[in-house]
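Next comes target_16.cif, a file with mmCIF, C-alpha atoms.
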```cif
data_entry
loop_
_atom_site.label_atom_id
_atom_site.label_comp_id
_atom_site.auth_asym_id
_atom_site.auth_seq_id
_atom_site.Cartn_x
_atom_site.Cartn_y
_atom_site.Cartn_z
CA MET A 18 159.42 62.75 98.74
CA GLY A 19 157.83 60.53 101.40
CA ARG A 20 154.37 61.16 100.00
CA SER A 21 155.59 60.27 96.49
CA TRP A 22 157.08 56.98 97.66
CA HIS A 23 153.92 56.20 99.62
CA GLY A 24 151.74 56.84 96.58
CA GLY A 25 154.03 54.73 94.39
CA ALA A 26 153.94 51.86 96.89
CA MET A 27 150.15 51.98 97.01
CA ALA A 28 149.90 51.93 93.20
CA ALA A 29 152.30 48.98 93.04
CA GLY A 30 150.29 47.15 95.68
CA VAL A 31 147.05 47.64 93.77
CA LEU A 32 148.73 46.41 90.57
CA VAL A 33 150.10 43.29 92.27
CA ALA A 34 146.70 42.58 93.79
CA ALA A 35 145.02 42.94 90.38
CA PHE A 36 147.49 40.50 88.78
CA ALA A 37 147.02 38.07 91.66
CA ALA A 38 143.22 38.22 91.33
CA TRP A 39 143.57 37.70 87.58
CA GLU A 40 145.80 34.64 88.10
CA ILE A 41 143.56 33.11 90.75
CA GLY A 42 140.38 33.78 88.78
CA VAL A 43 141.72 32.19 85.59
CA ARG A 44 142.89 29.09 87.42
CA ALA A 45 139.80 28.81 89.63
CA PHE A 46 137.35 29.01 86.74
CA ARG A 47 139.60 27.03 84.39
CA VAL A 48 139.48 29.65 81.67
CA LYS A 49 141.08 28.46 78.45
CA PRO A 50 144.42 30.22 77.72
CA ILE A 51 143.24 31.05 74.21
CA VAL A 52 140.44 33.12 75.78
CA LEU A 53 142.30 34.66 78.71
CA PRO A 54 145.81 33.54 79.62
CA PRO A 55 147.00 33.92 83.23
CA PRO A 56 149.51 36.70 83.98
CA SER A 57 152.20 34.08 84.56
CA ALA A 58 151.85 32.95 80.92
CA VAL A 59 151.89 36.56 79.70
CA PHE A 60 155.08 37.36 81.62
CA ALA A 61 156.66 34.08 80.49
CA GLU A 62 155.88 35.02 76.89
CA PHE A 63 157.47 38.45 77.29
CA PHE A 64 160.62 37.16 79.01
CA SER A 65 161.02 34.46 76.37
CA ALA A 66 162.12 37.21 73.93
CA PRO A 67 162.34 40.59 75.72
CA GLY A 68 164.71 42.05 73.14
CA TRP A 69 162.28 41.26 70.35
CA TYR A 70 159.41 42.97 72.17
CA LEU A 71 161.53 45.99 73.09
CA GLY A 72 162.71 46.34 69.49
CA HIS A 73 159.12 46.59 68.28
CA ALA A 74 158.29 48.89 71.20
CA TRP A 75 161.16 51.20 70.22
CA TYR A 76 159.75 51.56 66.71
CA THR A 77 156.27 52.36 68.07
CA LEU A 78 157.80 54.84 70.53
CA LEU A 79 159.65 56.72 67.78
CA VAL A 80 156.50 56.93 65.66
CA THR A 81 154.51 58.14 68.68
CA LEU A 82 157.02 60.83 69.63
CA ALA A 83 157.31 62.06 66.04
CA GLY A 84 153.54 62.36 65.68
CA PHE A 85 153.27 64.01 69.11
CA ALA A 86 156.02 66.53 68.34
CA LEU A 87 154.31 67.49 65.08
CA ALA A 88 151.01 67.85 66.92
CA VAL A 89 152.54 70.16 69.53
CA VAL A 90 154.38 72.39 67.05
CA LEU A 91 151.60 72.70 64.47
CA GLY A 92 148.83 72.66 67.09
CA VAL A 93 150.32 75.57 69.03
CA ALA A 94 150.92 77.48 65.77
CA LEU A 95 147.29 76.96 64.74
CA ALA A 96 146.10 78.00 68.19
CA VAL A 97 148.06 81.25 67.95
CA LEU A 98 146.57 82.00 64.53
CA ILE A 99 143.07 81.23 65.82
CA VAL A 100 143.48 83.53 68.83
CA GLU A 101 145.07 86.36 66.89
CA SER A 102 142.75 86.29 63.88
CA ARG A 103 138.95 86.35 63.88
CA LEU A 104 138.93 85.04 60.30
CA MET A 105 141.09 82.04 61.28
CA GLU A 106 138.89 81.38 64.29
CA LYS A 107 135.73 81.25 62.17
CA SER A 108 137.24 79.20 59.33
CA VAL A 109 140.12 77.01 60.52
CA TYR A 110 138.64 76.29 63.95
CA ALA A 111 135.44 74.92 62.42
CA LEU A 112 137.48 72.90 59.90
CA ILE A 113 139.56 71.32 62.68
CA ILE A 114 136.43 70.38 64.61
CA GLY A 115 134.93 68.84 61.47
CA LEU A 116 138.08 66.83 60.72
CA ASN A 117 138.20 65.56 64.29
CA SER A 118 134.74 64.05 63.89
CA VAL A 119 135.94 61.84 61.02
CA PRO A 120 136.97 58.35 62.26
CA LYS A 121 140.75 58.14 61.88
CA VAL A 122 140.60 54.44 61.02
CA ALA A 123 138.61 55.42 57.91
CA VAL A 124 141.32 57.77 56.61
CA ALA A 125 144.30 55.62 57.63
CA PRO A 126 144.34 53.67 54.31
CA LEU A 127 144.53 57.00 52.46
CA PHE A 128 147.74 57.91 54.27
CA VAL A 129 149.21 54.57 53.21
CA ILE A 130 148.30 55.36 49.58
CA TRP A 131 149.69 58.89 49.79
CA LEU A 132 152.80 58.32 51.93
CA GLY A 133 153.73 54.68 51.37
CA THR A 134 154.15 51.87 53.86
CA ASP A 135 157.11 53.17 55.89
CA ALA A 136 156.88 55.21 59.10
CA GLU A 137 155.40 58.33 57.45
CA PRO A 138 151.71 57.24 57.40
CA LYS A 139 151.90 56.08 61.02
CA ILE A 140 153.35 59.44 62.06
CA ALA A 141 150.63 61.24 60.08
CA ILE A 142 147.86 59.25 61.79
CA ALA A 143 149.42 59.81 65.24
CA PHE A 144 149.60 63.53 64.47
CA LEU A 145 146.02 63.68 63.21
CA ILE A 146 144.62 62.01 66.31
CA ALA A 147 146.71 64.05 68.78
CA VAL A 148 146.58 67.55 67.29
CA PHE A 149 142.96 68.29 68.19
CA ALA A 150 143.63 68.10 71.95
CA ILE A 151 146.62 70.42 71.57
CA VAL A 152 144.69 73.02 69.56
CA ILE A 153 141.66 73.06 71.87
CA ASP A 154 143.65 73.38 75.10
CA ALA A 155 146.15 75.86 73.63
CA VAL A 156 143.32 78.12 72.41
CA LEU A 157 141.67 77.90 75.82
CA GLY A 158 144.93 78.82 77.54
CA LEU A 159 145.79 81.68 75.21
CA LYS A 160 142.32 83.14 75.73
CA SER A 161 142.44 82.77 79.52
CA VAL A 162 144.52 85.92 80.10
CA PRO A 163 142.60 88.40 82.30
CA PRO A 164 141.47 91.42 80.23
CA ASP A 165 143.02 93.84 82.75
CA ILE A 166 146.48 92.43 82.03
CA LEU A 167 145.97 92.79 78.27
CA ASP A 168 144.76 96.37 78.75
CA LEU A 169 147.86 97.13 80.82
CA ALA A 170 150.10 95.66 78.09
CA ARG A 171 148.43 97.90 75.49
CA ALA A 172 148.79 100.94 77.77
CA LEU A 173 152.51 100.21 78.08
CA ARG A 174 152.69 99.95 74.26
CA GLY A 175 153.49 96.29 74.26
CA GLY A 176 153.46 94.83 70.75
CA ARG A 177 151.39 91.80 69.77
CA LEU A 178 154.46 89.56 69.64
CA ALA A 179 155.71 90.69 73.04
CA THR A 180 152.23 90.28 74.53
CA LEU A 181 151.95 86.80 73.03
CA TRP A 182 155.36 85.65 74.27
CA ARG A 183 155.46 87.30 77.71
CA ILE A 184 151.81 87.22 78.74
CA ARG A 185 149.67 84.82 76.74
CA PHE A 186 152.12 81.89 76.58
CA PRO A 187 152.88 81.77 80.34
CA CYS A 188 149.14 81.89 81.06
CA ALA A 189 148.51 79.16 78.48
CA LEU A 190 151.12 76.71 79.79
CA PRO A 191 148.86 74.93 82.34
CA SER A 192 146.18 74.33 79.69
CA LEU A 193 148.79 73.39 77.10
CA PHE A 194 150.35 70.76 79.36
CA ALA A 195 146.89 69.37 80.10
CA GLY A 196 146.37 69.00 76.36
CA MET A 197 149.80 67.41 75.94
CA LYS A 198 148.98 64.76 78.57
CA VAL A 199 145.93 63.79 76.55
CA ALA A 200 147.71 64.11 73.21
CA ILE A 201 150.63 61.82 74.10
CA SER A 202 148.19 58.97 74.80
CA LEU A 203 146.27 59.73 71.62
CA ALA A 204 149.50 59.77 69.61
CA LEU A 205 150.28 56.28 70.92
CA VAL A 206 146.81 55.14 69.85
CA GLY A 207 147.39 56.70 66.43
CA ALA A 208 150.70 54.89 66.03
CA ILE A 209 149.03 51.56 66.80
CA VAL A 210 146.19 52.31 64.36
CA GLY A 211 148.76 53.03 61.66
CA GLU A 212 150.58 49.79 62.40
CA PHE A 213 147.31 47.88 62.21
CA VAL A 214 146.70 49.22 58.70
CA SER A 215 150.14 48.58 57.21
CA SER A 216 153.35 47.69 59.01
CA GLN A 217 156.01 45.03 59.43
CA ARG A 218 157.29 46.49 62.70
CA GLY A 219 155.89 47.87 65.93
CA LEU A 220 153.65 46.61 68.70
CA GLY A 221 150.57 47.04 66.52
CA TYR A 222 152.08 44.62 64.03
CA VAL A 223 152.88 42.20 66.88
CA ILE A 224 149.27 42.30 68.09
CA LEU A 225 147.83 41.85 64.61
CA ALA A 226 150.15 38.95 63.75
CA ALA A 227 149.52 37.23 67.11
CA GLN A 228 145.77 37.62 66.67
CA GLY A 229 146.00 35.90 63.30
CA ASN A 230 147.75 32.95 64.98
CA PHE A 231 145.39 32.93 67.99
CA ASP A 232 148.41 33.56 70.23
CA THR A 233 146.54 35.31 73.02
CA ALA A 234 149.50 35.36 75.40
CA ARG A 235 151.55 37.30 72.86
CA VAL A 236 148.69 39.75 72.35
CA PHE A 237 148.51 40.39 76.08
CA ALA A 238 152.30 40.71 76.32
CA ALA A 239 152.28 43.40 73.63
CA ILE A 240 149.36 45.16 75.32
CA LEU A 241 151.26 45.08 78.62
CA VAL A 242 154.28 46.72 76.99
CA LEU A 243 151.97 49.33 75.46
CA ALA A 244 150.43 50.05 78.86
CA VAL A 245 153.85 50.54 80.45
CA MET A 246 154.90 52.80 77.58
CA GLY A 247 151.72 54.89 77.85
CA VAL A 248 152.14 55.39 81.60
CA ALA A 249 155.83 56.31 81.18
CA LEU A 250 155.04 58.88 78.47
CA PHE A 251 152.27 60.42 80.57
CA TRP A 252 154.54 60.78 83.59
CA LEU A 253 157.29 62.23 81.40
CA ILE A 254 154.93 65.04 80.36
CA ALA A 255 153.89 65.48 84.01
CA TRP A 256 157.57 65.78 85.02
CA LEU A 257 158.19 68.38 82.31
CA GLU A 258 155.12 70.23 83.54
CA ARG A 259 156.55 70.40 87.06
CA LEU A 260 159.79 71.80 85.67
CA ALA A 261 158.09 74.36 83.42
CA ILE A 262 155.38 75.71 85.74
CA PRO A 263 156.41 75.08 89.37
CA TRP A 264 154.55 78.30 90.27
CA HIS A 265 151.15 76.95 89.23
CA ALA A 266 148.66 75.88 91.91
CA SER A 267 148.39 72.37 90.43
CA GLN A 268 152.08 71.75 91.20
CA LYS A 269 152.00 72.78 94.85
CA VAL A 270 152.01 70.12 97.55
CA HIS A 271 148.91 70.30 99.72
CA LEU A 272 149.77 69.31 103.26
CA PRO A 273 147.05 67.55 105.25
CA THR A 274 145.29 69.65 107.81
CA PRO A 275 145.72 68.51 111.43
#
```
Show the structure stored in the file as structure tokens.
Amino acid sequence: MGRSWHGGAMAAGVLVAAFAAWEIGVRAFRVKPIVLPPPSAVFAEFFSAPGWYLGHAWYTLLVTLAGFALAVVLGVALAVLIVESRLMEKSVYALIIGLNSVPKVAVAPLFVIWLGTDAEPKIAIAFLIAVFAIVIDAVLGLKSVPPDILDLARALRGGRLATLWRIRFPCALPSLFAGMKVAISLALVGAIVGEFVSSQRGLGYVILAAQGNFDTARVFAAILVLAVMGVALFWLIAWLERLAIPWHASQKVHLPTP
């Protein structure tokens, strides 16, 4: 607990120092607020209407979580099919890699045409951006089981479903959580991309509207809320990881050597 508080205090100190350097640099070099507003102006903008910002942030959060949840469910299902079937590995795996190479901004307008202008296209874009990380890491984890353990399961007449649930999934959890940490950030990016394309709500809409009015302080305020949201979502996944796999080496506390 002491180490956690010490690390948190150090992170907070670095953040405060960065904001202080930003404030001093802007004032010392007399940077125009339309180019780079000082942190004091950004915080003043946020606290002038915190409920308004949080309302838009809530909408972006819901879209992000919906896209992320779809990515986890469908990504894990695809990973299982890829691991269990050579045909799926040769066909679907290559298709997923090919789709991931397509810029998501280019296909975002198509989702608006297909799904309308409500939350559905934003969720679809968030899912599309996040699912690749889930599939890649889940496949890696499911394939990381030592062959001796799989041979033992076959010798004990363990079925494919039992082997998958009791052996492959526990071994895949560390890789899966690593993919989820990446995917939650990508889902947030996807939600913002969707809001840039077509939206009347969300932090992406706030940024786009403020940019049109050259309201740089509002842009930075929305970005600050996005940053806080991204960090909170990442640490939520990390907390779930500690609960799910406390036995893994990555979750053990390494005491300093004397």
Original post:
Contacts of Lys160 of chain A at 8 Å or less, counting all atoms listed in the file, minus same-chain residues fewer than 5 places along, as number ranges by chain?
Top reply: A: 100, 185, 189
**OP:** Carefully work through the PyMOL selection byres ((chain A and resi 62-79) around 9) for this structure and note down the residues it includes, as a PyMOL selection string.
**Re:** chain A and resi 57-61+80-84+136+140+205+208-209+212+218-223+234-235+238-239+242-243+246
**OP:** Give the answer as one residue: which of A:Val43, A:Ile224, A:Ala29, A:Val148 has the shortest atom-to-atom distance to Leu116 of chain A, using only C-alpha atoms?
**Re:**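 Smallest separation from Leu116 of chain A among the options: A:Val148.
Pairwise distance (atom CA of Pro164 of chain A, atom CA of Pro191 of chain A) equals 18.2 Å.
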**OP:** Mind checking which residues fall within 10 Å of Asp232 of chain A, counting all atoms listed in the file, ignoring those fewer than 6 positions away in the same chain, and posting them as a VMD selection string?
**Re:** chain A and resid 50 to 52 54 224 226
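When all atoms listed in the file are used to compute distances to Val248 of chain A, the closest of the residues A:Lys198, A:Arg183, A:Arg47, A:Arg177 turns out to be A:Lys198.
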**OP:** Any chance you could resolve the PyMOL selection byres ((chain A and resi 128) around 9) against this file and give the residues as a list of chain:residue names?
**Re:** A:Val124, A:Ala125, A:Pro126, A:Leu127, A:Val129, A:Ile130, A:Trp131, A:Leu132, A:Gly133, A:Thr134, A:Glu137, A:Pro138, A:Lys139, A:Ala141, A:Ile142, A:Gly211
Residues from last step as file, C-alpha atoms, as an mmCIF file, in the frame of the given file:
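Below is the file that was written, out_14.cif:
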```cif
data_model
loop_
_atom_site.group_PDB
_atom_site.id
_atom_site.type_symbol
_atom_site.label_atom_id
_atom_site.label_comp_id
_atom_site.auth_asym_id
_atom_site.auth_seq_id
_atom_site.Cartn_x
_atom_site.Cartn_y
_atom_site.Cartn_z
ATOM 1 C CA VAL A 124 141.320 57.770 56.610
ATOM 2 C CA ALA A 125 144.300 55.620 57.630
ATOM 3 C CA PRO A 126 144.340 53.670 54.310
ATOM 4 C CA LEU A 127 144.530 57.000 52.460
ATOM 5 C CA VAL A 129 149.210 54.570 53.210
ATOM 6 C CA ILE A 130 148.300 55.360 49.580
ATOM 7 C CA TRP A 131 149.690 58.890 49.790
ATOM 8 C CA LEU A 132 152.800 58.320 51.930
ATOM 9 C CA GLY A 133 153.730 54.680 51.370
ATOM 10 C CA THR A 134 154.150 51.870 53.860
ATOM 11 C CA GLU A 137 155.400 58.330 57.450
ATOM 12 C CA PRO A 138 151.710 57.240 57.400
ATOM 13 C CA LYS A 139 151.900 56.080 61.020
ATOM 14 C CA ALA A 141 150.630 61.240 60.080
ATOM 15 C CA ILE A 142 147.860 59.250 61.790
ATOM 16 C CA GLY A 211 148.760 53.030 61.660
#
```
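Straight-line separation from atom CA of Val206 of chain A to atom CA of Gly247 of chain A: 9.4 Å.
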**OP:** Please indicate the distance in Å from atom CA of Arg171 of chain A to atom CA of Ala155 of chain A, rounded to one decimal place.
**Re:** 22.2 Å
Original post:
Which is closer to Gly207 of chain A than all the others in A:Asn117, A:Gln268, A:Ala147, A:Val89, using only C-alpha atoms?
Top reply: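 The answer is A:Ala147, which sits nearest to Gly207 of chain A.
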Original post:
Looking at A:Phe194, A:Phe237, A:Phe149, A:Trp182, which one is nearest to Pro55 of chain A, with distances taken over all atoms listed in the file?
Top reply: A:Phe237
**OP:** Please write the residues picked by the PyMOL selection byres ((chain A and resi 252-265) around 12) on this file as number ranges by chain.
**Re:** A: 82, 85, 186-202, 245-251, 266-270
**OP:** Could you tell me which of A:Val109, A:Ala204, A:Glu40, A:Lys49 comes closest to Leu87 of chain A if we count all atoms listed in the file?
**Re:**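 Closest to Leu87 of chain A of all the choices is A:Ala204.
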